[in-house]
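Engineer: Just passing along the structure, written as C-alpha cells.
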Amino acid sequence: MTKKVILTGIRANNQLHIGNYFGALLPIVDMAKQHGGEYQVNLFMPDLHSFTTPIDHSQLKEQILSSIRTFVAAGLPIDNPDVHIYRQSYVPAHSELTVILNCFTGMGEMERMTQYKDKSSQLSGDRVSVGLFDYPVLMACDVLLYGSEYVPVGDDQSQHIEFMRDIAERMNTKFNQELFKLPLEVKKQHEFFGKDQGLRIKDLIDPSKKMSKSDESERGIIFLTDEPAVAAKKIMGATTDSVGEINLDYAKQPGISNLLQILALFTAKSLDDVVIEYQEQTSYGDLKKAVAEATEAFLTQFQTNYDQVDMNAVEAKLTASEAQMNEIANKTLHKVQKAIGLR
Ligand code: TYM
C-alpha cells in the first residue's frame, strides 16, 4: 500500500522567521521524526514562487540552499527514505500542470484570494505580476501532483488549501475519474497536526499584522539567523498596551497575546498553562524577559545545528529526491494529459 503524503513548502525569499518555523516547518519535522515510517514526508522548496513579487535575483540561488539547510537544522531526518526534500523547479511537472489547471480556474476565484489582495495592494501597476495573481494554482499543483492529504501551513494559507480542494474536485467531476486526491479540509488539517497548526504569529512592532518576511522593517521580525542577543532586544522592544493586565485577548491585547503565544511555543508548554502562569501580573516586564530568554536560548541552539549541517549529504539527498519526485509527478501529469485529450 502506498503511504499517505504529508507535504509543505516554504519560500526562500529573505531569511526564514519564527512564524515560518512554528507555522509550517516544525509540524512537518515533528511528523517526520515521529511517524517517518508511516507517511511519505515531502518538504520542498517552492523556488518558482520566489519572484511572484520583485526580488534581488543575485541572492536567490544562495537563499534556496540556505533555506534547505534550515529545514535540516530544524531536525528533518534526511537519512529516512520516506522523507524527501526537493526544489520545485527541478520537477517540471509543476509548471506543466499549472498551465493546464489555469484553464479550469476562474479569474474571479483568484481575485478573491486575500493574499493576492494584500500583496498586490502594496505594489503599484505593472509590478503586480500575473505570477502573483496565479500563484494559488501553482501551489495547488505542488500538492495535487503527489496526492498529498496533509498540508501543514500557517493561517494565511487556509484559503489556498480550500482552492486546491475545489479545483481537484472540479477536475475529478468534469473528467469523471479520480485524477487527484483531495487534501483534507483546513479544520481536519488542524486536528491532524494538533494545537500549533493554523498559527498566525504577529509582527512585534505592529501586532495587528502577521510576521512576514517580505516586510521592509525587520524590527518586528525574529529571523532564525538573528544574533540571539539582537533577537532578545527585539522582544524587549515589542509593542504592548496600557491595559496593565495579562490576558489572552487577540482583539484587545494583540501584542501581549502574541508574546504569550511565542513563549508557549518556545517552551513547549500549552498556551493555557502560560496564560495561567502570567495572568496575575500587572507589569509586562517579567513576561517580556521570559520570552526574550526563551528566544535567545532557542536561536543559540538552532544556529549551532545550522552550522553543523553536512551540505554534501543535503546535496546528495536533493538529487535522489528530485529523481523520485519526477517519477511520481509525471505519473499524475500523464493521467491528466490523457483525461483532457492531450495524450
Ligand atoms: P511562505 O513561504 O510565505 O510561508 C511558509 C509557511 O510559513 C507560514 N507562515 C506563518 N505561520 C505562522 N505565523 C506567521 N506569521 C507566518 N508567516 C508565514 C505560511 O503559512 C506557510 O505555511 N505559498 C506558500 C508556500 C507554498 C506551499 C506550497 C505551502 C508553495 N507551495 C504547497 C504548502 C503547500 C508560501 O508562500 O508560504
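Chain labels run A, B, ... following the order of the C-alpha cells; each chain numbers its residues from 1, and ligands are numbered from 1 in the order shown.
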Which neighbours of Gln63 (chain A) fall inside 10 Å, counting only C-alpha atoms, when residues of the same chain fewer than 3 positions from it are skipped, and could you give them as number ranges by chain?
Structural biologist: A: 11-16, 47, 57-60, 66-69
Engineer: For the residues in the current selection, export N, CA and C atoms as a PDB file, in the first residue's frame.
Structural biologist:
```pdb
ATOM      1  N   ARG A  11       8.912  29.256   1.066  1.00  0.00           N
ATOM      2  CA  ARG A  11       9.676  30.008   0.063  1.00  0.00           C
ATOM      3  C   ARG A  11      11.012  30.494   0.619  1.00  0.00           C
ATOM      4  N   ALA A  12      11.915  30.832  -0.314  1.00  0.00           N
ATOM      5  CA  ALA A  12      13.272  31.198   0.104  1.00  0.00           C
ATOM      6  C   ALA A  12      13.507  32.696   0.171  1.00  0.00           C
ATOM      7  N   ASN A  13      12.481  33.512  -0.048  1.00  0.00           N
ATOM      8  CA  ASN A  13      12.741  34.957  -0.018  1.00  0.00           C
ATOM      9  C   ASN A  13      13.173  35.350   1.382  1.00  0.00           C
ATOM     10  N   ASN A  14      14.232  36.119   1.434  1.00  0.00           N
ATOM     11  CA  ASN A  14      14.719  36.592   2.714  1.00  0.00           C
ATOM     12  C   ASN A  14      15.038  35.390   3.619  1.00  0.00           C
ATOM     13  N   GLN A  15      15.364  35.647   4.863  1.00  0.00           N
ATOM     14  CA  GLN A  15      15.617  34.527   5.769  1.00  0.00           C
ATOM     15  C   GLN A  15      14.290  34.071   6.368  1.00  0.00           C
ATOM     16  N   LEU A  16      14.261  32.825   6.831  1.00  0.00           N
ATOM     17  CA  LEU A  16      13.025  32.340   7.453  1.00  0.00           C
ATOM     18  C   LEU A  16      12.893  32.923   8.869  1.00  0.00           C
ATOM     19  N   ASP A  47      10.700  27.120  -5.314  1.00  0.00           N
ATOM     20  CA  ASP A  47      11.591  28.179  -5.822  1.00  0.00           C
ATOM     21  C   ASP A  47      10.939  29.021  -6.922  1.00  0.00           C
ATOM     22  N   HIS A  57      17.618  38.934  -7.653  1.00  0.00           N
ATOM     23  CA  HIS A  57      17.883  37.587  -8.185  1.00  0.00           C
ATOM     24  C   HIS A  57      19.313  37.116  -7.937  1.00  0.00           C
ATOM     25  N   SER A  58      20.220  38.053  -7.685  1.00  0.00           N
ATOM     26  CA  SER A  58      21.615  37.632  -7.470  1.00  0.00           C
ATOM     27  C   SER A  58      21.748  36.845  -6.152  1.00  0.00           C
ATOM     28  N   GLN A  59      20.761  36.994  -5.263  1.00  0.00           N
ATOM     29  CA  GLN A  59      20.833  36.310  -3.965  1.00  0.00           C
ATOM     30  C   GLN A  59      20.092  34.966  -3.960  1.00  0.00           C
ATOM     31  N   LEU A  60      19.263  34.749  -4.986  1.00  0.00           N
ATOM     32  CA  LEU A  60      18.279  33.661  -4.886  1.00  0.00           C
ATOM     33  C   LEU A  60      18.904  32.275  -4.713  1.00  0.00           C
ATOM     34  N   SER A  66      20.359  27.932   1.475  1.00  0.00           N
ATOM     35  CA  SER A  66      20.380  28.252   2.900  1.00  0.00           C
ATOM     36  C   SER A  66      19.050  27.879   3.558  1.00  0.00           C
ATOM     37  N   SER A  67      17.936  28.053   2.825  1.00  0.00           N
ATOM     38  CA  SER A  67      16.643  27.658   3.405  1.00  0.00           C
ATOM     39  C   SER A  67      16.560  26.140   3.552  1.00  0.00           C
ATOM     40  N   ILE A  68      17.080  25.436   2.558  1.00  0.00           N
ATOM     41  CA  ILE A  68      17.043  23.968   2.648  1.00  0.00           C
ATOM     42  C   ILE A  68      17.909  23.509   3.833  1.00  0.00           C
ATOM     43  N   ARG A  69      19.008  24.194   4.016  1.00  0.00           N
ATOM     44  CA  ARG A  69      19.865  23.890   5.171  1.00  0.00           C
ATOM     45  C   ARG A  69      19.090  24.098   6.489  1.00  0.00           C
TER      46      ARG A  69
END
```
Engineer: Kindly provide, as a PyMOL selection string, all nucleotide and amino acid residues lying within 8 Å of ligand 1, counting only C-alpha atoms and all ligand atoms.
Structural biologist: chain A and resi 7-13+17-25+45-46+49+135-136+138-143+151-158+198-203+210-213
Engineer: Give me, as a short mmCIF file (atom, residue, chain, number, x, y, z; two decimals) with all heavy atoms, in the first residue's frame, all polymer residues having an atom no more than 10 Å from region 28-42 of chain A, counting only C-alpha atoms and skipping those fewer than 5 positions away in the same chain.
Structural biologist:
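Result file is out18.cif:
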```
data_model
loop_
_atom_site.label_atom_id
_atom_site.label_comp_id
_atom_site.auth_asym_id
_atom_site.auth_seq_id
_atom_site.Cartn_x
_atom_site.Cartn_y
_atom_site.Cartn_z
N THR A 2 0.48 2.24 -0.82
CA THR A 2 1.30 3.45 -0.82
C THR A 2 1.01 4.27 0.45
O THR A 2 -0.11 4.28 0.96
CB THR A 2 1.00 4.33 -2.06
OG1 THR A 2 -0.40 4.50 -2.15
CG2 THR A 2 1.56 3.71 -3.32
N LYS A 3 2.03 4.95 0.90
CA LYS A 3 1.89 5.71 2.16
C LYS A 3 1.20 7.05 1.91
O LYS A 3 1.37 7.64 0.85
CB LYS A 3 3.28 5.95 2.74
CG LYS A 3 3.90 4.64 3.18
CD LYS A 3 5.27 4.80 3.78
CE LYS A 3 5.72 3.42 4.26
NZ LYS A 3 7.12 3.31 4.55
N LYS A 4 0.45 7.49 2.90
CA LYS A 4 -0.19 8.81 2.79
C LYS A 4 0.90 9.89 2.83
O LYS A 4 1.93 9.71 3.48
CB LYS A 4 -1.15 9.03 3.95
CG LYS A 4 -2.33 8.10 3.84
CD LYS A 4 -3.43 8.51 4.78
CE LYS A 4 -4.65 7.65 4.49
NZ LYS A 4 -5.87 8.19 5.01
N VAL A 5 0.61 10.99 2.15
CA VAL A 5 1.65 12.01 1.97
C VAL A 5 1.38 13.26 2.82
O VAL A 5 0.28 13.81 2.79
CB VAL A 5 1.76 12.42 0.49
CG1 VAL A 5 2.88 13.45 0.30
CG2 VAL A 5 1.98 11.20 -0.40
N ILE A 6 2.41 13.68 3.56
CA ILE A 6 2.39 14.96 4.26
C ILE A 6 3.34 15.87 3.48
O ILE A 6 4.47 15.47 3.19
CB ILE A 6 2.94 14.83 5.70
CG1 ILE A 6 2.19 13.73 6.46
CG2 ILE A 6 2.88 16.15 6.44
CD1 ILE A 6 2.73 13.48 7.87
N LEU A 7 2.89 17.04 3.13
CA LEU A 7 3.72 17.90 2.26
C LEU A 7 3.59 19.36 2.64
O LEU A 7 2.50 19.84 2.93
CB LEU A 7 3.25 17.70 0.81
CG LEU A 7 3.86 18.56 -0.30
CD1 LEU A 7 3.91 17.76 -1.61
CD2 LEU A 7 3.12 19.86 -0.52
N THR A 8 4.71 20.06 2.64
CA THR A 8 4.61 21.52 2.70
C THR A 8 5.81 22.16 2.01
O THR A 8 6.83 21.51 1.77
CB THR A 8 4.44 22.05 4.13
OG1 THR A 8 3.87 23.36 4.06
CG2 THR A 8 5.73 22.15 4.92
N GLY A 9 5.65 23.45 1.68
CA GLY A 9 6.72 24.21 1.05
C GLY A 9 6.90 25.53 1.76
O GLY A 9 5.95 26.09 2.30
N TYR A 21 8.77 28.98 11.00
CA TYR A 21 9.25 27.84 11.77
C TYR A 21 8.10 27.13 12.48
O TYR A 21 7.91 25.92 12.35
CB TYR A 21 10.32 28.31 12.78
CG TYR A 21 10.85 27.21 13.63
CD1 TYR A 21 11.82 26.33 13.15
CD2 TYR A 21 10.39 27.02 14.94
CE1 TYR A 21 12.29 25.29 13.93
CE2 TYR A 21 10.87 25.99 15.73
CZ TYR A 21 11.82 25.12 15.22
OH TYR A 21 12.28 24.09 16.00
N PHE A 22 7.31 27.91 13.23
CA PHE A 22 6.23 27.29 14.01
C PHE A 22 5.01 26.96 13.16
O PHE A 22 4.29 26.00 13.43
CB PHE A 22 5.83 28.17 15.19
CG PHE A 22 6.84 28.18 16.28
CD1 PHE A 22 7.49 29.35 16.63
CD2 PHE A 22 7.17 27.01 16.95
CE1 PHE A 22 8.44 29.36 17.65
CE2 PHE A 22 8.12 27.01 17.96
CZ PHE A 22 8.76 28.19 18.31
N GLY A 23 4.76 27.77 12.12
CA GLY A 23 3.56 27.57 11.31
C GLY A 23 3.68 26.38 10.37
O GLY A 23 2.69 25.69 10.11
N PHE A 71 15.92 23.69 6.89
CA PHE A 71 15.00 22.55 7.08
C PHE A 71 15.72 21.44 7.84
O PHE A 71 15.16 20.81 8.74
CB PHE A 71 14.53 21.96 5.74
CG PHE A 71 13.79 22.90 4.82
CD1 PHE A 71 13.57 22.54 3.49
CD2 PHE A 71 13.30 24.11 5.26
CE1 PHE A 71 12.87 23.38 2.62
CE2 PHE A 71 12.60 24.96 4.40
CZ PHE A 71 12.39 24.59 3.08
N VAL A 72 16.96 21.20 7.45
CA VAL A 72 17.69 20.10 8.06
C VAL A 72 18.11 20.48 9.49
O VAL A 72 18.03 19.66 10.41
CB VAL A 72 18.91 19.70 7.19
CG1 VAL A 72 19.66 18.53 7.80
CG2 VAL A 72 18.43 19.35 5.76
N ALA A 74 16.46 22.22 11.43
CA ALA A 74 15.26 22.11 12.28
C ALA A 74 14.99 20.67 12.69
O ALA A 74 14.06 20.41 13.45
CB ALA A 74 14.05 22.69 11.55
N GLY A 75 15.77 19.73 12.13
CA GLY A 75 15.65 18.35 12.58
C GLY A 75 15.06 17.39 11.56
O GLY A 75 14.76 16.24 11.89
N LEU A 76 14.89 17.82 10.32
CA LEU A 76 14.33 16.91 9.32
C LEU A 76 15.27 15.72 9.12
O LEU A 76 16.44 15.91 8.76
CB LEU A 76 14.14 17.67 7.99
CG LEU A 76 13.34 16.88 6.95
CD1 LEU A 76 11.86 16.90 7.30
CD2 LEU A 76 13.55 17.45 5.56
N PRO A 77 14.79 14.50 9.35
CA PRO A 77 15.69 13.34 9.26
C PRO A 77 15.90 12.91 7.81
O PRO A 77 15.17 12.08 7.27
CB PRO A 77 14.97 12.26 10.07
CG PRO A 77 13.53 12.66 10.05
CD PRO A 77 13.43 14.12 9.76
N ILE A 78 16.93 13.46 7.16
CA ILE A 78 17.07 13.20 5.72
C ILE A 78 17.64 11.81 5.42
O ILE A 78 17.69 11.39 4.26
CB ILE A 78 17.91 14.28 4.99
CG1 ILE A 78 19.29 14.42 5.62
CG2 ILE A 78 17.18 15.60 4.94
CD1 ILE A 78 20.21 15.32 4.78
N ASN A 80 16.13 9.23 6.41
CA ASN A 80 14.93 8.38 6.31
C ASN A 80 14.46 8.33 4.84
O ASN A 80 14.24 9.37 4.23
CB ASN A 80 13.84 8.99 7.20
CG ASN A 80 12.58 8.14 7.22
OD1 ASN A 80 12.21 7.53 6.23
ND2 ASN A 80 11.92 8.12 8.37
N PRO A 81 14.33 7.13 4.28
CA PRO A 81 13.97 7.04 2.86
C PRO A 81 12.55 7.54 2.53
O PRO A 81 12.24 7.80 1.38
CB PRO A 81 14.09 5.54 2.53
CG PRO A 81 14.09 4.86 3.84
CD PRO A 81 14.60 5.81 4.86
N ASP A 82 11.70 7.70 3.55
CA ASP A 82 10.34 8.23 3.32
C ASP A 82 10.29 9.75 3.38
O ASP A 82 9.24 10.36 3.21
CB ASP A 82 9.35 7.69 4.36
CG ASP A 82 9.10 6.21 4.16
OD1 ASP A 82 9.07 5.76 3.00
OD2 ASP A 82 8.97 5.50 5.18
N VAL A 83 11.42 10.36 3.68
CA VAL A 83 11.48 11.83 3.77
C VAL A 83 12.15 12.36 2.51
O VAL A 83 13.20 11.86 2.10
CB VAL A 83 12.29 12.24 5.03
CG1 VAL A 83 12.55 13.73 5.05
CG2 VAL A 83 11.54 11.82 6.29
N HIS A 84 11.51 13.36 1.90
CA HIS A 84 12.07 13.90 0.65
C HIS A 84 12.22 15.41 0.73
O HIS A 84 11.33 16.11 1.21
CB HIS A 84 11.15 13.57 -0.53
CG HIS A 84 10.91 12.10 -0.67
ND1 HIS A 84 11.89 11.24 -1.12
CD2 HIS A 84 9.84 11.33 -0.37
CE1 HIS A 84 11.41 10.00 -1.11
NE2 HIS A 84 10.16 10.03 -0.65
N ILE A 85 13.34 15.91 0.22
CA ILE A 85 13.49 17.37 0.04
C ILE A 85 13.83 17.61 -1.43
O ILE A 85 14.65 16.90 -2.02
CB ILE A 85 14.57 18.02 0.94
CG1 ILE A 85 15.86 17.20 0.97
CG2 ILE A 85 14.06 18.30 2.33
CD1 ILE A 85 17.02 17.95 1.62
N TYR A 86 13.18 18.59 -2.01
CA TYR A 86 13.43 18.84 -3.44
C TYR A 86 13.05 20.27 -3.79
O TYR A 86 12.34 20.95 -3.05
CB TYR A 86 12.64 17.86 -4.32
CG TYR A 86 11.16 17.79 -4.02
CD1 TYR A 86 10.23 18.49 -4.78
CD2 TYR A 86 10.69 17.03 -2.95
CE1 TYR A 86 8.87 18.42 -4.50
CE2 TYR A 86 9.34 16.97 -2.66
CZ TYR A 86 8.44 17.66 -3.43
OH TYR A 86 7.10 17.61 -3.13
N VAL A 143 0.77 20.38 -4.52
CA VAL A 143 0.16 19.42 -3.58
C VAL A 143 -0.48 18.25 -4.34
O VAL A 143 -0.29 17.09 -4.01
CB VAL A 143 -0.90 20.15 -2.72
CG1 VAL A 143 -1.71 19.18 -1.88
CG2 VAL A 143 -0.21 21.18 -1.82
N TYR A 146 1.27 15.01 -5.95
CA TYR A 146 1.76 13.91 -5.10
C TYR A 146 0.64 13.25 -4.30
O TYR A 146 0.91 12.43 -3.42
CB TYR A 146 2.85 14.46 -4.14
CG TYR A 146 3.97 15.10 -4.92
CD1 TYR A 146 3.98 16.47 -5.17
CD2 TYR A 146 4.99 14.32 -5.47
CE1 TYR A 146 4.98 17.05 -5.93
CE2 TYR A 146 5.99 14.90 -6.23
CZ TYR A 146 5.97 16.27 -6.46
OH TYR A 146 6.96 16.83 -7.22
N SER A 148 -1.11 14.54 -1.99
CA SER A 148 -0.91 14.86 -0.56
C SER A 148 -2.23 15.19 0.12
O SER A 148 -3.02 15.97 -0.40
CB SER A 148 0.00 16.07 -0.40
OG SER A 148 0.92 16.14 -1.43
N TYR A 150 -2.18 15.77 3.73
CA TYR A 150 -1.87 16.58 4.91
C TYR A 150 -0.89 17.68 4.53
O TYR A 150 0.20 17.40 4.03
CB TYR A 150 -1.26 15.70 6.00
CG TYR A 150 -2.13 14.52 6.34
CD1 TYR A 150 -1.82 13.24 5.90
CD2 TYR A 150 -3.28 14.70 7.10
CE1 TYR A 150 -2.64 12.16 6.20
CE2 TYR A 150 -4.11 13.63 7.40
CZ TYR A 150 -3.78 12.36 6.95
OH TYR A 150 -4.58 11.30 7.25
N VAL A 151 -1.32 18.93 4.75
CA VAL A 151 -0.51 20.07 4.31
C VAL A 151 -0.41 21.09 5.46
O VAL A 151 -1.29 21.95 5.61
CB VAL A 151 -1.15 20.74 3.06
CG1 VAL A 151 -0.23 21.81 2.49
CG2 VAL A 151 -1.49 19.71 1.99
N PRO A 152 0.63 21.00 6.29
CA PRO A 152 0.73 21.97 7.38
C PRO A 152 1.11 23.34 6.86
O PRO A 152 2.13 23.50 6.18
CB PRO A 152 1.85 21.40 8.27
CG PRO A 152 2.68 20.56 7.36
CD PRO A 152 1.75 20.05 6.30
N VAL A 153 0.30 24.34 7.16
CA VAL A 153 0.58 25.72 6.75
C VAL A 153 0.08 26.66 7.84
O VAL A 153 -0.73 26.28 8.67
CB VAL A 153 -0.14 26.10 5.42
CG1 VAL A 153 0.52 25.48 4.22
CG2 VAL A 153 -1.62 25.76 5.47
N PHE A 193 -2.63 17.89 12.84
CA PHE A 193 -1.32 18.38 13.29
C PHE A 193 -1.32 18.88 14.73
O PHE A 193 -0.26 19.09 15.31
CB PHE A 193 -0.82 19.49 12.36
CG PHE A 193 -0.42 18.97 11.01
CD1 PHE A 193 -1.24 19.14 9.90
CD2 PHE A 193 0.76 18.26 10.85
CE1 PHE A 193 -0.88 18.63 8.67
CE2 PHE A 193 1.14 17.76 9.62
CZ PHE A 193 0.30 17.95 8.52
N SER A 321 16.03 12.71 -4.16
CA SER A 321 14.60 13.03 -4.04
C SER A 321 14.05 13.58 -5.35
O SER A 321 12.93 13.24 -5.75
CB SER A 321 14.36 14.08 -2.95
OG SER A 321 14.62 13.56 -1.68
N MET A 325 10.82 12.23 -7.20
CA MET A 325 9.63 13.09 -7.32
C MET A 325 9.23 13.29 -8.78
O MET A 325 8.06 13.39 -9.10
CB MET A 325 9.88 14.45 -6.64
CG MET A 325 10.06 14.36 -5.15
SD MET A 325 8.68 13.56 -4.29
CE MET A 325 9.44 12.04 -3.75
#
```
Engineer: Neighbours of Gln337 (chain A) within 12 Å (only C-alpha atoms; same-chain residues fewer than 4 positions away dropped), as a PyMOL selection string?
Structural biologist: chain A and resi 93+96-97+99-101+171+175+179+330-333+341-343
Engineer: Between A:Thr304, A:Ser270, A:Thr240, A:Asn312, which one has atoms that come closest to Tyr284 (chain A), using only C-alpha atoms?
Structural biologist: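 Selected residue with least distance to Tyr284 (chain A): A:Thr240.
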Engineer: Restricting the calculation to only C-alpha atoms: of A:Leu132, A:Ser95, A:Asp286, A:Val336, which residue gets closest to Lys119 (chain A)?
Structural biologist: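 Nearest to Lys119 (chain A): A:Leu132.
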Engineer: What are the closest atom pairs, with distances in Å to one decimal, for each residue of region 191-226 of chain A lying within 12 Å of region 292-296 of chain A, using only C-alpha atoms, rows by chain and rising residue number, as JSON lines?
Structural biologist:
```
{"residue": "A:Ile222", "atom": "CA", "partner": "A:Thr295", "partner_atom": "CA", "distance": 8.8}
{"residue": "A:Phe223", "atom": "CA", "partner": "A:Thr295", "partner_atom": "CA", "distance": 10.6}
{"residue": "A:Leu224", "atom": "CA", "partner": "A:Thr295", "partner_atom": "CA", "distance": 9.9}
{"residue": "A:Thr225", "atom": "CA", "partner": "A:Glu296", "partner_atom": "CA", "distance": 11.4}
{"residue": "A:Asp226", "atom": "CA", "partner": "A:Glu296", "partner_atom": "CA", "distance": 9.5}
```
Engineer: Determine the nearest neighbour of Gln189 (chain A) from the options A:Glu149, A:Ala313, A:Phe51, A:Gln261, counting only C-alpha atoms.
Structural biologist: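 Ranked by minimum distance to Gln189 (chain A), first place goes to A:Glu149.
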Engineer: Need the shell around Lys233 (chain A): protein/DNA/RNA residues with any atom at most 10 Å away, counting only C-alpha atoms. Skip same-chain ones fewer than 4 positions apart. Format as a PDB file with N, CA, C and O atoms, in the first residue's frame?
Structural biologist:
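File produced: out.pdb:
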```pdb
ATOM      1  N   ARG A 219      12.392  45.131  12.380  1.00  0.00           N
ATOM      2  CA  ARG A 219      12.392  45.235  13.848  1.00  0.00           C
ATOM      3  C   ARG A 219      11.314  44.374  14.483  1.00  0.00           C
ATOM      4  O   ARG A 219      11.427  43.970  15.633  1.00  0.00           O
ATOM      5  N   GLU A 227      21.168  37.346  15.352  1.00  0.00           N
ATOM      6  CA  GLU A 227      22.022  37.202  16.540  1.00  0.00           C
ATOM      7  C   GLU A 227      21.088  36.984  17.719  1.00  0.00           C
ATOM      8  O   GLU A 227      20.160  37.797  17.914  1.00  0.00           O
ATOM      9  N   PRO A 228      21.301  35.969  18.566  1.00  0.00           N
ATOM     10  CA  PRO A 228      20.376  35.751  19.682  1.00  0.00           C
ATOM     11  C   PRO A 228      20.163  36.986  20.559  1.00  0.00           C
ATOM     12  O   PRO A 228      19.033  37.293  20.943  1.00  0.00           O
ATOM     13  N   ALA A 229      21.236  37.747  20.814  1.00  0.00           N
ATOM     14  CA  ALA A 229      21.088  38.929  21.681  1.00  0.00           C
ATOM     15  C   ALA A 229      20.257  40.019  20.990  1.00  0.00           C
ATOM     16  O   ALA A 229      19.478  40.723  21.640  1.00  0.00           O
ATOM     17  N   GLY A 237      11.589  45.145  22.916  1.00  0.00           N
ATOM     18  CA  GLY A 237      11.019  46.351  22.315  1.00  0.00           C
ATOM     19  C   GLY A 237       9.644  46.126  21.701  1.00  0.00           C
ATOM     20  O   GLY A 237       9.107  47.009  21.022  1.00  0.00           O
ATOM     21  N   ALA A 238       9.069  44.940  21.919  1.00  0.00           N
ATOM     22  CA  ALA A 238       7.769  44.632  21.287  1.00  0.00           C
ATOM     23  C   ALA A 238       6.679  45.595  21.783  1.00  0.00           C
ATOM     24  O   ALA A 238       6.663  45.976  22.951  1.00  0.00           O
ATOM     25  N   LYS A 288       8.018  39.756  29.195  1.00  0.00           N
ATOM     26  CA  LYS A 288       8.934  40.078  28.095  1.00  0.00           C
ATOM     27  C   LYS A 288      10.303  39.428  28.318  1.00  0.00           C
ATOM     28  O   LYS A 288      10.901  38.891  27.394  1.00  0.00           O
ATOM     29  N   LYS A 289      10.752  39.487  29.571  1.00  0.00           N
ATOM     30  CA  LYS A 289      12.068  38.918  29.871  1.00  0.00           C
ATOM     31  C   LYS A 289      12.062  37.403  29.616  1.00  0.00           C
ATOM     32  O   LYS A 289      13.006  36.846  29.046  1.00  0.00           O
ATOM     33  N   ALA A 292      12.136  36.826  25.917  1.00  0.00           N
ATOM     34  CA  ALA A 292      13.454  37.172  25.366  1.00  0.00           C
ATOM     35  C   ALA A 292      14.456  36.059  25.670  1.00  0.00           C
ATOM     36  O   ALA A 292      15.224  35.636  24.797  1.00  0.00           O
ATOM     37  N   GLU A 296      16.316  33.679  22.926  1.00  0.00           N
ATOM     38  CA  GLU A 296      17.777  33.657  22.839  1.00  0.00           C
ATOM     39  C   GLU A 296      18.297  32.218  22.924  1.00  0.00           C
ATOM     40  O   GLU A 296      19.157  31.807  22.138  1.00  0.00           O
TER      41      GLU A 296
END
```
